[in-house]
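Colleague: Before I ask anything, here is the structure I am working with.
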Amino acid sequence: MTTLIYSHAACLEHRPGPGHPEAPERLTAVLQALRAPEFASLQWRDAPMGTREQVELIHTSSFVDTIAGLAPKEGFVTLDGGDTVMSPGSWEAVMRGVGAACAGVGAVVSGQADNVFCATRPCGHHAEPDQAMGFCIFNQAAIAAAYAQEVFGVPRVAVVDFDVHHGNGTQAAFFSRPTRFYASSHQAPFYPGTGAASETGTSGNIVNVPLPRGCDSAMFRHRIEAEMLPALRHWKPDFLVISAGFDAHRLDPLAGLNFDDADFYWITQELMKIAESACNGRVVSILEGGYSLDGLATGTAAHVRALMGH
């Protein structure tokens, strides 16, 4: 199985400032983990720059204008009261993330790779169509799904999100789009406060699996098997995008779930099984959160190992 990695050095130049959890070292840890000998068969490509047209598949033109206008030449600009910060390198970093997501879709649809992992930052799933928040500027996973539909004519696209935080931005973008499915497992109550099980979209195309603080492997796997996977199988996506966050890891300092590397391998493997039966294994995975460098590195390695079929 061919797994392709998209990344770019520019993604290290998004620098939210001293002490900010979404630090460049996160991506460094991921890249180091994926350069281990067991991953020698991975193919690597530089992420291209995304385009405004790609961003506007999800985000409003006025919002894109705002972000472009705020991008600083020096110092920092805060976008949502302090959580989401832009530095001089942020614009290129986030546009490389968009470019990676869209190029990944193209590579999978065209058969250049069986699946793709986008090792990029900043993360994206909190970014709403007209608002940056929660460390996120543009929503790469939602853009990838829209790109698969609008550019390649894929009828039904699903995004599955196992970051510890609910992807309010993806849900907002998909809520009234019946050909786009969003499923999320996340700690609740927790930031950003969305993601109740009762939030189901205008056509039952949203599935939320809120998990209590302290949730362990057994509870996680039971809830996913009972609530998320049957809904995804029933929906039968033609393309699957994964929002792969690793802040539900037991080592993560910002959250309170107790998953281990085997859980990330397990859910990836389960999603791959559904993708194989529903959409010929067409999967693009995009890095979201994870703020323990050790947990992020080993969790990502487990995820990519499953993508590779190892």
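Labeling convention for the structure tokens: chains A, B, ... as they appear, residues from 1 per chain, ligands from 1 in order of appearance.
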So that I can check the surroundings of A:Ile143, please list as JSON, numbers by chain every protein, DNA and RNA residue that reaches within 12 Å of it, counting only C-alpha atoms and ignoring chain neighbours fewer than 2 positions away.
Modeller: {"A": [50, 51, 52, 53, 54, 55, 56, 57, 58, 59, 95, 97, 98, 99, 100, 101, 102, 103, 104, 105, 124, 125, 127, 128, 129, 138, 139, 140, 141, 145, 146, 147, 148, 149, 150, 151, 157, 158, 159, 169, 170, 173, 174, 180, 241, 243, 284, 286]}
Colleague: List every residue of stretch 166-209 of chain A that has an atom at most 9 Å from any atom of stretch 249-264 of chain A, giving for each one its closest atom pair and the distance in Å to one decimal, counting only C-alpha atoms, sorted by chain and then by ascending residue number, as a tab-separated table.
Modeller:
residue	atom	partner	partner_atom	distance
A:His186	CA	A:Leu257	CA	8.8
A:Gln187	CA	A:Leu257	CA	6.9
A:Phe190	CA	A:Ala255	CA	8.5
Colleague: Check the DSSP output for the backbone and give back, as a count of residues only, the residues of stretch 160-221 of chain A in helix (DSSP H, G or I).
Modeller: 12
Colleague: So how far away is atom CA of A:Phe246 from atom CA of A:Leu296, in Å?
Modeller: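 Going from atom CA of A:Leu296 over to atom CA of A:Phe246 covers 5.6 Å.
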Colleague: Counting only C-alpha atoms, what is within 9 Å of A:Trp44, bar same-chain residues fewer than 6 positions away, as a PDB file with N, CA and C atoms, in the first residue's frame?
Modeller:
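Written output follows (part_3.pdb):
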ATOM      1  N   THR A   3       1.565   4.965   0.805  1.00  0.00           N
ATOM      2  CA  THR A   3       1.159   6.110   1.625  1.00  0.00           C
ATOM      3  C   THR A   3       2.101   7.265   1.329  1.00  0.00           C
ATOM      4  N   LEU A   4       1.514   8.390   1.025  1.00  0.00           N
ATOM      5  CA  LEU A   4       2.252   9.590   0.639  1.00  0.00           C
ATOM      6  C   LEU A   4       2.143  10.623   1.757  1.00  0.00           C
ATOM      7  N   ILE A   5       3.260  11.249   2.090  1.00  0.00           N
ATOM      8  CA  ILE A   5       3.288  12.304   3.102  1.00  0.00           C
ATOM      9  C   ILE A   5       3.497  13.648   2.410  1.00  0.00           C
ATOM     10  N   TYR A   6       2.612  14.598   2.697  1.00  0.00           N
ATOM     11  CA  TYR A   6       2.817  15.981   2.274  1.00  0.00           C
ATOM     12  C   TYR A   6       3.218  16.810   3.492  1.00  0.00           C
ATOM     13  N   SER A   7       4.305  17.557   3.355  1.00  0.00           N
ATOM     14  CA  SER A   7       4.731  18.469   4.407  1.00  0.00           C
ATOM     15  C   SER A   7       5.535  19.585   3.761  1.00  0.00           C
TER      16      SER A   7
END
Colleague: DSSP on the backbone, then: every residue of stretch 72-256 of chain A marked strand (DSSP E), written as a PyMOL selection string.
Modeller: chain A and resi 77-78+85-86+115-118+157-161+180-187+206-211+239-244
Colleague: Measuring atom to atom with only C-alpha atoms, identify which of A:Leu293, A:Ile224, A:Ala47, A:Ile137 is nearest to A:Cys118.
Modeller: A:Ala47
Colleague: Report, in Å with one decimal, the straight-line distance from atom CA of A:Ser87 to atom CA of A:Asp161.
Modeller: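 That distance, rounded to one decimal, is 27.0 Å.
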Colleague: From the options A:Leu271, A:Ala119, A:Met228, A:Leu211, which residue's atoms come nearest to A:Gln32, counting only C-alpha atoms?
Modeller: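 Nearest to A:Gln32: A:Ala119.
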Colleague: I'd like the contact shell of A:Ala301 - 10 Å cut-off, only C-alpha atoms, skipping same-chain residues fewer than 2 positions apart - returned as a VMD selection string.
Modeller: chain A and resid 30 to 36 38 to 39 261 264 to 265 295 to 299 303 to 307
Colleague: Can you tell me how far atom CA of A:Val160 sits from atom CA of A:Ile242, in Å to one decimal?
Modeller: 4.9 Å
Colleague: Compare A:Ala302, A:Val77, A:Ala172, A:Cys215 by their minimum atom-to-atom distance to A:Gly195, counting only C-alpha atoms, and give me the closest one.
Modeller: A:Ala172
